[in-house]
Amino acid sequence: TSEYPPASLFKLVTMAHAIDYKIATLESKWFCSGSIEYAGRTIYCHRKIGHGLVNFKEALERSCNIPFYDIGKRIKIDNLATYARELGFGSKTGIIFPESSGLVPTSEWKKRVKGERWWPGETLSCAIGQSFLLVTPIQIACMISGICQGYRVTPRILEDEPIVTHEINISKVTLKMLKKCMKGVVSTQGTAQRLNKFKNIKIYAKTGTAQTSDLSKRTLGGIYLEHGWFVANFKYKDEKPLTIVVFVEHTGSTSPAITMAKDFMLNYFHLV
């Protein structure tokens, strides 16, 4: 039932919106110097020295923030929220266990709850999965599975429960592009490249480091460190595809989550 910032996992939502609205293609290019200036503030990429020239696909693979900040300047939060809901955020999944709805902010929500307007800079933060955004691990599992299968399902616990599917009103071409980018996350330049040596397996993944406080406090350790996400849809040989979500609180990086996923997969391969 716990809710957390989705961090860079949400870049899949931003990318889907940008591609569908023809704001960018996978080959659109940006130069990442490590930061951008916006409204008198310096906003950083996670890699302070920058990634250099990257296209949209490479940006997702390496989790570069700069292209997503740029897209955040050019989109409306309410349109981004629509795409987030299409991928299952902002509402309960329907699993039989108690669960939270998470939070997908809109301009109306902020006016009603916070009593003030939505500021453009907040859209930049949402575009990389921060700001007011909150999701649950089961919602993340549904999103990743939905992108890879082309539709979302209500999670089941018992095998004889009925299978309930939900259409995703996002271009099939766009969903295919997202899969292509997630496959690159485990390539030699991706953030989960430690998984690229497995044979006879297709892995579509994304990592995320969720900020929990002002970055100036992270040197204090403990509760000020970021959460680590790793999510993937994978298929081994002729087995049915599986989705794995690993979330580690206050770990400071995605490394422990990736390691856990790798250990799980190694054990799974020995069982099938």
# chains A, B, ... in the order shown; residues from 1 in each chain; ligands from 1

call {"tool": "residues_around", "arguments": {"residues": "Gly102 of chain A", "least_positions_apart": "5", "cutoff": "10 Å", "atoms": "only C-alpha atoms", "output": "list in words"}}
result
Thr1, Ser2, Glu3, Tyr4, Pro5, Phe89, Gly90, Ser91, Lys92, Phe132, Leu133, Leu134, Val135, Thr136 and Gln139 of chain A

call {"tool": "write_last_selection", "arguments": {"atoms": "all heavy atoms", "output": "compact mmCIF listing (two decimals), in the first residue's frame"}}
result
# COMPACT_ATOMS: atom_id res chain seq x y z
N THR A 1 0.81 -1.22 0.00
CA THR A 1 0.00 0.00 0.00
C THR A 1 0.85 1.27 0.00
O THR A 1 0.32 2.36 -0.13
CB THR A 1 -0.92 0.03 1.23
OG1 THR A 1 -0.10 0.01 2.42
CG2 THR A 1 -1.84 -1.19 1.25
N SER A 2 2.15 1.15 0.19
CA SER A 2 3.01 2.34 0.25
C SER A 2 3.13 3.00 -1.11
O SER A 2 3.08 2.35 -2.15
CB SER A 2 4.39 1.96 0.77
OG SER A 2 4.32 1.46 2.09
N GLU A 3 3.32 4.33 -1.08
CA GLU A 3 3.43 5.12 -2.30
C GLU A 3 4.80 5.79 -2.34
O GLU A 3 5.29 6.27 -1.32
CB GLU A 3 2.34 6.20 -2.34
CG GLU A 3 0.93 5.65 -2.22
CD GLU A 3 -0.09 6.75 -1.97
OE1 GLU A 3 0.18 7.61 -1.10
OE2 GLU A 3 -1.14 6.74 -2.63
N TYR A 4 5.39 5.84 -3.53
CA TYR A 4 6.72 6.41 -3.68
C TYR A 4 6.81 7.20 -4.99
O TYR A 4 6.05 6.95 -5.93
CB TYR A 4 7.77 5.28 -3.73
CG TYR A 4 7.76 4.36 -2.54
CD1 TYR A 4 7.05 3.16 -2.59
CD2 TYR A 4 8.45 4.68 -1.38
CE1 TYR A 4 7.03 2.30 -1.50
CE2 TYR A 4 8.44 3.83 -0.28
CZ TYR A 4 7.74 2.64 -0.35
OH TYR A 4 7.73 1.79 0.73
N PRO A 5 7.78 8.11 -5.09
CA PRO A 5 8.01 8.78 -6.38
C PRO A 5 8.50 7.75 -7.39
O PRO A 5 9.36 6.93 -7.07
CB PRO A 5 9.11 9.80 -6.07
CG PRO A 5 9.12 9.95 -4.57
CD PRO A 5 8.68 8.63 -4.03
N PHE A 89 -1.51 4.69 -13.64
CA PHE A 89 -1.21 5.46 -12.44
C PHE A 89 -2.42 6.28 -12.00
O PHE A 89 -3.27 6.64 -12.81
CB PHE A 89 -0.02 6.39 -12.69
CG PHE A 89 1.26 5.67 -12.98
CD1 PHE A 89 2.13 6.12 -13.96
CD2 PHE A 89 1.60 4.54 -12.27
CE1 PHE A 89 3.32 5.45 -14.23
CE2 PHE A 89 2.79 3.85 -12.52
CZ PHE A 89 3.64 4.31 -13.51
N GLY A 90 -2.47 6.60 -10.71
CA GLY A 90 -3.54 7.45 -10.20
C GLY A 90 -4.80 6.72 -9.81
O GLY A 90 -5.77 7.35 -9.37
N SER A 91 -4.83 5.39 -9.93
CA SER A 91 -6.01 4.62 -9.52
C SER A 91 -5.57 3.24 -9.06
O SER A 91 -4.48 2.76 -9.43
CB SER A 91 -7.01 4.49 -10.68
OG SER A 91 -6.42 3.84 -11.78
N LYS A 92 -6.39 2.59 -8.29
CA LYS A 92 -6.05 1.26 -7.78
C LYS A 92 -6.06 0.24 -8.92
O LYS A 92 -6.81 0.36 -9.88
CB LYS A 92 -7.04 0.85 -6.69
CG LYS A 92 -6.99 1.75 -5.46
CD LYS A 92 -7.99 1.32 -4.41
CE LYS A 92 -7.91 2.23 -3.18
NZ LYS A 92 -8.87 1.84 -2.13
N PHE A 132 5.01 15.98 -7.28
CA PHE A 132 3.99 15.40 -6.40
C PHE A 132 3.66 13.95 -6.76
O PHE A 132 2.83 13.33 -6.09
CB PHE A 132 2.70 16.24 -6.48
CG PHE A 132 2.88 17.68 -6.10
CD1 PHE A 132 2.92 18.67 -7.07
CD2 PHE A 132 3.00 18.06 -4.77
CE1 PHE A 132 3.07 20.01 -6.72
CE2 PHE A 132 3.17 19.39 -4.41
CZ PHE A 132 3.20 20.37 -5.39
N LEU A 133 4.24 13.43 -7.82
CA LEU A 133 3.91 12.08 -8.29
C LEU A 133 4.16 11.01 -7.24
O LEU A 133 5.21 11.00 -6.59
CB LEU A 133 4.74 11.75 -9.53
CG LEU A 133 4.31 12.36 -10.86
CD1 LEU A 133 5.44 12.26 -11.87
CD2 LEU A 133 3.06 11.67 -11.38
N LEU A 134 3.20 10.09 -7.10
CA LEU A 134 3.35 8.94 -6.22
C LEU A 134 2.77 7.71 -6.90
O LEU A 134 1.70 7.78 -7.51
CB LEU A 134 2.65 9.18 -4.88
CG LEU A 134 3.23 10.26 -3.96
CD1 LEU A 134 2.31 10.50 -2.78
CD2 LEU A 134 4.63 9.87 -3.48
N VAL A 135 3.46 6.59 -6.78
CA VAL A 135 2.99 5.34 -7.37
C VAL A 135 3.24 4.20 -6.38
O VAL A 135 3.97 4.36 -5.41
CB VAL A 135 3.71 5.03 -8.70
CG1 VAL A 135 3.50 6.14 -9.71
CG2 VAL A 135 5.21 4.79 -8.47
N THR A 136 2.62 3.06 -6.67
CA THR A 136 2.86 1.86 -5.87
C THR A 136 3.63 0.85 -6.73
O THR A 136 3.54 0.88 -7.97
CB THR A 136 1.55 1.22 -5.40
OG1 THR A 136 0.81 0.76 -6.55
CG2 THR A 136 0.70 2.23 -4.63
N GLN A 139 1.46 -0.90 -9.28
CA GLN A 139 1.15 -0.06 -10.44
C GLN A 139 2.29 -0.08 -11.44
O GLN A 139 2.07 -0.11 -12.66
CB GLN A 139 0.86 1.38 -10.00
CG GLN A 139 -0.47 1.57 -9.29
CD GLN A 139 -0.64 2.99 -8.76
OE1 GLN A 139 0.34 3.69 -8.50
NE2 GLN A 139 -1.87 3.42 -8.59

call {"tool": "select_by_dssp", "arguments": {"residues": "segment 7-168 of chain A", "states": "helix (DSSP H, G or I)", "output": "number ranges by chain"}}
result
A: 7-20, 56-62, 66-74, 77-86, 107-113, 120-127, 137-149

call {"tool": "residues_around", "arguments": {"residues": "Leu26 of chain A", "least_positions_apart": "5", "cutoff": "12 Å", "atoms": "only C-alpha atoms", "output": "JSON, numbers by chain"}}
result
{"A": [15, 16, 18, 19, 20, 54, 55, 56, 57, 58, 59, 60, 61, 67, 173, 174, 176, 177, 178, 179, 180, 181]}

call {"tool": "closest_residue", "arguments": {"among": "A:Leu124, A:Leu9, A:Ile95, A:Leu225", "to": "Ile36 of chain A", "atoms": "only C-alpha atoms"}}
result
A:Leu124

call {"tool": "closest_atom_pairs", "arguments": {"of": "segment 3-106 of chain A", "to": "segment 230-241 of chain A", "cutoff": "12 Å", "atoms": "only C-alpha atoms", "output": "tab-separated table"}}
result
residue	atom	partner	partner_atom	distance
A:Pro6	CA	A:Phe230	CA	10.6
A:Ala7	CA	A:Phe230	CA	10.8
A:Ser8	CA	A:Phe230	CA	10.1
A:Leu9	CA	A:Val231	CA	8.2
A:Phe10	CA	A:Val231	CA	11.6
A:Leu12	CA	A:Val231	CA	12.0

call {"tool": "write_last_selection", "arguments": {"atoms": "all heavy atoms", "output": "CSV table (one decimal), in the first residue's frame"}}
result
chain,number,residue,atom,x,y,z
A,6,PRO,N,8.0,7.8,-8.6
A,6,PRO,CA,8.4,6.8,-9.6
A,6,PRO,C,9.8,7.1,-10.2
A,6,PRO,O,10.4,6.2,-10.8
A,6,PRO,CB,7.3,6.9,-10.7
A,6,PRO,CG,6.8,8.3,-10.6
A,6,PRO,CD,6.9,8.6,-9.1
A,7,ALA,N,10.3,8.3,-10.0
A,7,ALA,CA,11.6,8.7,-10.5
A,7,ALA,C,11.6,8.4,-12.0
A,7,ALA,O,10.7,8.6,-12.7
A,7,ALA,CB,12.7,8.0,-9.8
A,8,SER,N,12.8,7.9,-12.5
A,8,SER,CA,13.0,7.8,-14.0
A,8,SER,C,12.1,6.8,-14.6
A,8,SER,O,12.0,6.7,-15.9
A,8,SER,CB,14.4,7.5,-14.3
A,8,SER,OG,15.3,8.6,-14.0
A,9,LEU,N,11.4,5.9,-13.9
A,9,LEU,CA,10.5,5.0,-14.5
A,9,LEU,C,9.4,5.8,-15.2
A,9,LEU,O,8.8,5.3,-16.2
A,9,LEU,CB,9.8,4.1,-13.4
A,9,LEU,CG,10.7,3.4,-12.5
A,9,LEU,CD1,10.0,2.4,-11.6
A,9,LEU,CD2,11.9,2.6,-13.2
A,10,PHE,N,9.1,7.0,-14.7
A,10,PHE,CA,8.0,7.8,-15.2
A,10,PHE,C,8.4,8.4,-16.6
A,10,PHE,O,7.6,8.9,-17.3
A,10,PHE,CB,7.6,8.9,-14.3
A,10,PHE,CG,6.3,9.6,-14.6
A,10,PHE,CD1,5.1,9.0,-14.3
A,10,PHE,CD2,6.3,10.8,-15.3
A,10,PHE,CE1,3.9,9.7,-14.6
A,10,PHE,CE2,5.1,11.5,-15.6
A,10,PHE,CZ,3.9,10.9,-15.2
A,12,LEU,N,9.1,6.9,-19.1
A,12,LEU,CA,8.3,6.1,-20.1
A,12,LEU,C,7.0,6.8,-20.5
A,12,LEU,O,6.6,6.8,-21.6
A,12,LEU,CB,8.1,4.7,-19.6
A,12,LEU,CG,9.3,3.8,-19.5
A,12,LEU,CD1,9.0,2.6,-18.6
A,12,LEU,CD2,9.9,3.4,-20.9

call {"tool": "atom_distance", "arguments": {"atom1": "atom CA of Ile138 of chain A", "atom2": "atom CA of Arg156 of chain A"}}
result
11.2 Å

call {"tool": "closest_residue", "arguments": {"among": "A:Pro120, A:Asp78, A:Glu159, A:Thr209", "to": "Cys45 of chain A", "atoms": "only C-alpha atoms"}}
result
A:Thr209

call {"tool": "closest_residue", "arguments": {"among": "A:Arg85, A:His166, A:Arg62, A:Lys114", "to": "His46 of chain A", "atoms": "only C-alpha atoms"}}
result
A:Arg62

call {"tool": "residues_around", "arguments": {"residues": "Glu122 of chain A", "least_positions_apart": "2", "cutoff": "10 Å", "atoms": "only C-alpha atoms", "output": "ChimeraX atom specification"}}
result
/A:72-73,77,118-120,124-127,130-132

call {"tool": "write_last_selection", "arguments": {"atoms": "N, CA, C and O atoms", "output": "tab-separated table (two decimals), in the first residue's frame"}}
result
chain	number	residue	atom	x	y	z
A	72	GLY	N	9.50	18.74	-20.89
A	72	GLY	CA	8.67	19.32	-19.83
A	72	GLY	C	8.34	20.78	-20.06
A	72	GLY	O	7.29	21.27	-19.63
A	73	LYS	N	9.23	21.49	-20.75
A	73	LYS	CA	8.97	22.90	-21.08
A	73	LYS	C	7.85	23.04	-22.11
A	73	LYS	O	7.21	24.09	-22.20
A	77	ILE	N	0.82	19.85	-18.04
A	77	ILE	CA	0.74	18.82	-17.01
A	77	ILE	C	-0.52	17.98	-17.15
A	77	ILE	O	-0.51	16.76	-16.91
A	118	TRP	N	-0.65	25.83	-10.93
A	118	TRP	CA	0.43	24.93	-11.32
A	118	TRP	C	1.52	25.75	-12.02
A	118	TRP	O	1.24	26.49	-12.95
A	119	TRP	N	2.75	25.61	-11.55
A	119	TRP	CA	3.86	26.36	-12.13
A	119	TRP	C	4.55	25.53	-13.20
A	119	TRP	O	4.75	24.32	-13.04
A	120	PRO	N	4.95	26.15	-14.31
A	120	PRO	CA	5.60	25.41	-15.41
A	120	PRO	C	6.80	24.60	-14.97
A	120	PRO	O	7.04	23.49	-15.46
A	124	LEU	N	8.48	20.22	-15.41
A	124	LEU	CA	9.81	19.68	-15.66
A	124	LEU	C	10.15	18.60	-14.63
A	124	LEU	O	10.71	17.55	-14.97
A	125	SER	N	9.79	18.85	-13.39
A	125	SER	CA	10.05	17.88	-12.34
A	125	SER	C	9.23	16.61	-12.54
A	125	SER	O	9.72	15.48	-12.37
A	126	CYS	N	7.96	16.80	-12.93
A	126	CYS	CA	7.10	15.63	-13.20
A	126	CYS	C	7.62	14.82	-14.37
A	126	CYS	O	7.51	13.59	-14.39
A	127	ALA	N	8.18	15.48	-15.36
A	127	ALA	CA	8.65	14.79	-16.57
A	127	ALA	C	9.72	13.75	-16.26
A	127	ALA	O	9.89	12.79	-17.01
A	130	GLN	N	9.43	13.11	-10.57
A	130	GLN	CA	9.50	13.66	-9.22
A	130	GLN	C	8.27	14.55	-8.96
A	130	GLN	O	7.19	14.19	-9.34
A	131	SER	N	8.41	15.66	-8.29
A	131	SER	CA	7.31	16.55	-7.94
A	131	SER	C	6.32	15.83	-7.01
A	131	SER	O	6.73	15.13	-6.10
A	132	PHE	N	5.01	15.98	-7.28
A	132	PHE	CA	3.99	15.40	-6.40
A	132	PHE	C	3.66	13.95	-6.76
A	132	PHE	O	2.83	13.33	-6.09

call {"tool": "closest_residue", "arguments": {"among": "A:Lys206, A:Arg74, A:Lys197, A:Lys111", "to": "Gly184 of chain A", "atoms": "only C-alpha atoms"}}
result
A:Lys206

call {"tool": "closest_residue", "arguments": {"among": "A:Asn196, A:Asn79, A:Thr207, A:Thr191", "to": "Thr123 of chain A", "atoms": "only C-alpha atoms"}}
result
A:Asn79

call {"tool": "residues_around", "arguments": {"residues": "Thr14 of chain A", "least_positions_apart": "6", "cutoff": "8 Å", "atoms": "only C-alpha atoms", "output": "ChimeraX atom specification"}}
result
/A:68,71,80,83,127-128

call {"tool": "atom_distance", "arguments": {"atom1": "atom CA of Val153 of chain A", "atom2": "atom CA of Glu167 of chain A"}}
result
8.8 Å

call {"tool": "residues_around", "arguments": {"residues": "Pro256 of chain A", "least_positions_apart": "5", "cutoff": "8 Å", "atoms": "only C-alpha atoms", "output": "list in words"}}
result
Gly228, Val248 and Thr251 of chain A

call {"tool": "write_last_selection", "arguments": {"atoms": "N, CA and C atoms", "output": "short mmCIF file (atom, residue, chain, number, x, y, z; two decimals), in the first residue's frame"}}
result
data_model
loop_
_atom_site.label_atom_id
_atom_site.label_comp_id
_atom_site.auth_asym_id
_atom_site.auth_seq_id
_atom_site.Cartn_x
_atom_site.Cartn_y
_atom_site.Cartn_z
N GLY A 228 15.89 3.18 -4.60
CA GLY A 228 16.32 2.58 -5.86
C GLY A 228 15.26 1.67 -6.45
N VAL A 248 14.11 -0.68 -3.35
CA VAL A 248 14.90 -0.66 -2.12
C VAL A 248 14.90 0.76 -1.56
N THR A 251 18.56 3.64 -0.47
CA THR A 251 19.78 2.93 -0.83
C THR A 251 20.80 3.83 -1.50
#

call {"tool": "select_by_dssp", "arguments": {"residues": "segment 26-267 of chain A", "states": "strand (DSSP E or B)", "output": "ChimeraX atom specification"}}
result
/A:29-32,35-38,41-44,52-55,103,134-135,151-153,165-167,201-210,227-236,242-248

call {"tool": "residues_around", "arguments": {"residues": "Ile147 of chain A", "least_positions_apart": "3", "cutoff": "8 Å", "atoms": "only C-alpha atoms", "output": "JSON list (two decimals) with all heavy atoms, in the first residue's frame"}}
result
[["chain", "number", "residue", "atom", "x", "y", "z"],
["A", 87, "LEU", "N", -1.55, 4.47, -18.47],
["A", 87, "LEU", "CA", -0.61, 3.42, -18.09],
["A", 87, "LEU", "C", -0.83, 2.92, -16.67],
["A", 87, "LEU", "O", -0.01, 2.18, -16.12],
["A", 87, "LEU", "CB", 0.82, 3.91, -18.28],
["A", 87, "LEU", "CG", 1.22, 4.03, -19.77],
["A", 87, "LEU", "CD1", 2.54, 4.77, -19.93],
["A", 87, "LEU", "CD2", 1.30, 2.65, -20.42],
["A", 143, "MET", "N", 2.22, -1.24, -15.33],
["A", 143, "MET", "CA", 2.66, -0.37, -16.42],
["A", 143, "MET", "C", 3.65, -1.09, -17.34],
["A", 143, "MET", "O", 3.49, -1.08, -18.57],
["A", 143, "MET", "CB", 3.31, 0.90, -15.88],
["A", 143, "MET", "CG", 3.86, 1.80, -16.99],
["A", 143, "MET", "SD", 4.90, 3.18, -16.42],
["A", 143, "MET", "CE", 6.41, 2.31, -15.96],
["A", 144, "ILE", "N", 4.68, -1.71, -16.74],
["A", 144, "ILE", "CA", 5.71, -2.37, -17.54],
["A", 144, "ILE", "C", 5.11, -3.52, -18.34],
["A", 144, "ILE", "O", 5.38, -3.68, -19.54],
["A", 144, "ILE", "CB", 6.85, -2.89, -16.63],
["A", 144, "ILE", "CG1", 7.57, -1.71, -15.96],
["A", 144, "ILE", "CG2", 7.83, -3.73, -17.43],
["A", 144, "ILE", "CD1", 8.24, -0.75, -16.92],
["A", 150, "GLY", "N", 0.92, -4.72, -24.60],
["A", 150, "GLY", "CA", -0.01, -3.92, -25.39],
["A", 150, "GLY", "C", -1.34, -3.67, -24.72],
["A", 150, "GLY", "O", -2.21, -3.00, -25.27],
["A", 151, "TYR", "N", -1.52, -4.17, -23.50],
["A", 151, "TYR", "CA", -2.75, -3.94, -22.73],
["A", 151, "TYR", "C", -2.43, -4.17, -21.25],
["A", 151, "TYR", "O", -1.48, -4.87, -20.91],
["A", 151, "TYR", "CB", -3.87, -4.87, -23.17],
["A", 151, "TYR", "CG", -3.50, -6.34, -23.10],
["A", 151, "TYR", "CD1", -3.67, -7.07, -21.93],
["A", 151, "TYR", "CD2", -2.94, -6.99, -24.20],
["A", 151, "TYR", "CE1", -3.32, -8.41, -21.85],
["A", 151, "TYR", "CE2", -2.57, -8.32, -24.14],
["A", 151, "TYR", "CZ", -2.77, -9.03, -22.97],
["A", 151, "TYR", "OH", -2.40, -10.36, -22.89],
["A", 152, "ARG", "N", -3.20, -3.54, -20.38],
["A", 152, "ARG", "CA", -3.04, -3.75, -18.94],
["A", 152, "ARG", "C", -4.01, -4.82, -18.46],
["A", 152, "ARG", "O", -5.06, -5.03, -19.06],
["A", 152, "ARG", "CB", -3.27, -2.45, -18.17],
["A", 152, "ARG", "CG", -2.20, -1.39, -18.37],
["A", 152, "ARG", "CD", -2.36, -0.21, -17.44],
["A", 152, "ARG", "NE", -3.56, 0.56, -17.72],
["A", 152, "ARG", "CZ", -4.63, 0.58, -16.95],
["A", 152, "ARG", "NH1", -4.68, -0.13, -15.82],
["A", 152, "ARG", "NH2", -5.68, 1.33, -17.27],
["A", 175, "LEU", "N", 4.13, 2.34, -28.24],
["A", 175, "LEU", "CA", 4.44, 1.29, -27.26],
["A", 175, "LEU", "C", 5.60, 0.43, -27.74],
["A", 175, "LEU", "O", 6.47, 0.03, -26.94],
["A", 175, "LEU", "CB", 3.20, 0.42, -27.01],
["A", 175, "LEU", "CG", 2.02, 1.10, -26.31],
["A", 175, "LEU", "CD1", 0.86, 0.13, -26.17],
["A", 175, "LEU", "CD2", 2.41, 1.64, -24.94],
["A", 176, "LYS", "N", 5.65, 0.15, -29.03],
["A", 176, "LYS", "CA", 6.75, -0.62, -29.60],
["A", 176, "LYS", "C", 8.07, 0.13, -29.45],
["A", 176, "LYS", "O", 9.12, -0.47, -29.15],
["A", 176, "LYS", "CB", 6.47, -0.91, -31.07],
["A", 176, "LYS", "CG", 7.47, -1.86, -31.72],
["A", 176, "LYS", "CD", 7.07, -2.19, -33.15],
["A", 176, "LYS", "CE", 8.07, -3.15, -33.79],
["A", 176, "LYS", "NZ", 7.67, -3.48, -35.19],
["A", 178, "LEU", "N", 8.76, 2.27, -27.04],
["A", 178, "LEU", "CA", 9.13, 2.21, -25.63],
["A", 178, "LEU", "C", 9.83, 0.89, -25.32],
["A", 178, "LEU", "O", 10.83, 0.85, -24.59],
["A", 178, "LEU", "CB", 7.90, 2.37, -24.74],
["A", 178, "LEU", "CG", 7.13, 3.69, -24.81],
["A", 178, "LEU", "CD1", 6.03, 3.71, -23.76],
["A", 178, "LEU", "CD2", 8.05, 4.89, -24.61],
["A", 179, "LYS", "N", 9.31, -0.20, -25.87],
["A", 179, "LYS", "CA", 9.95, -1.51, -25.68],
["A", 179, "LYS", "C", 11.38, -1.50, -26.22],
["A", 179, "LYS", "O", 12.30, -2.04, -25.58],
["A", 179, "LYS", "CB", 9.14, -2.60, -26.39],
["A", 179, "LYS", "CG", 7.92, -3.07, -25.65],
["A", 179, "LYS", "CD", 7.30, -4.27, -26.34],
["A", 179, "LYS", "CE", 8.17, -5.51, -26.25],
["A", 179, "LYS", "NZ", 7.50, -6.71, -26.83]]

call {"tool": "closest_residue", "arguments": {"among": "A:Ala261, A:Val113, A:Ile170, A:Ala210", "to": "Gly129 of chain A", "atoms": "only C-alpha atoms"}}
result
A:Ala210
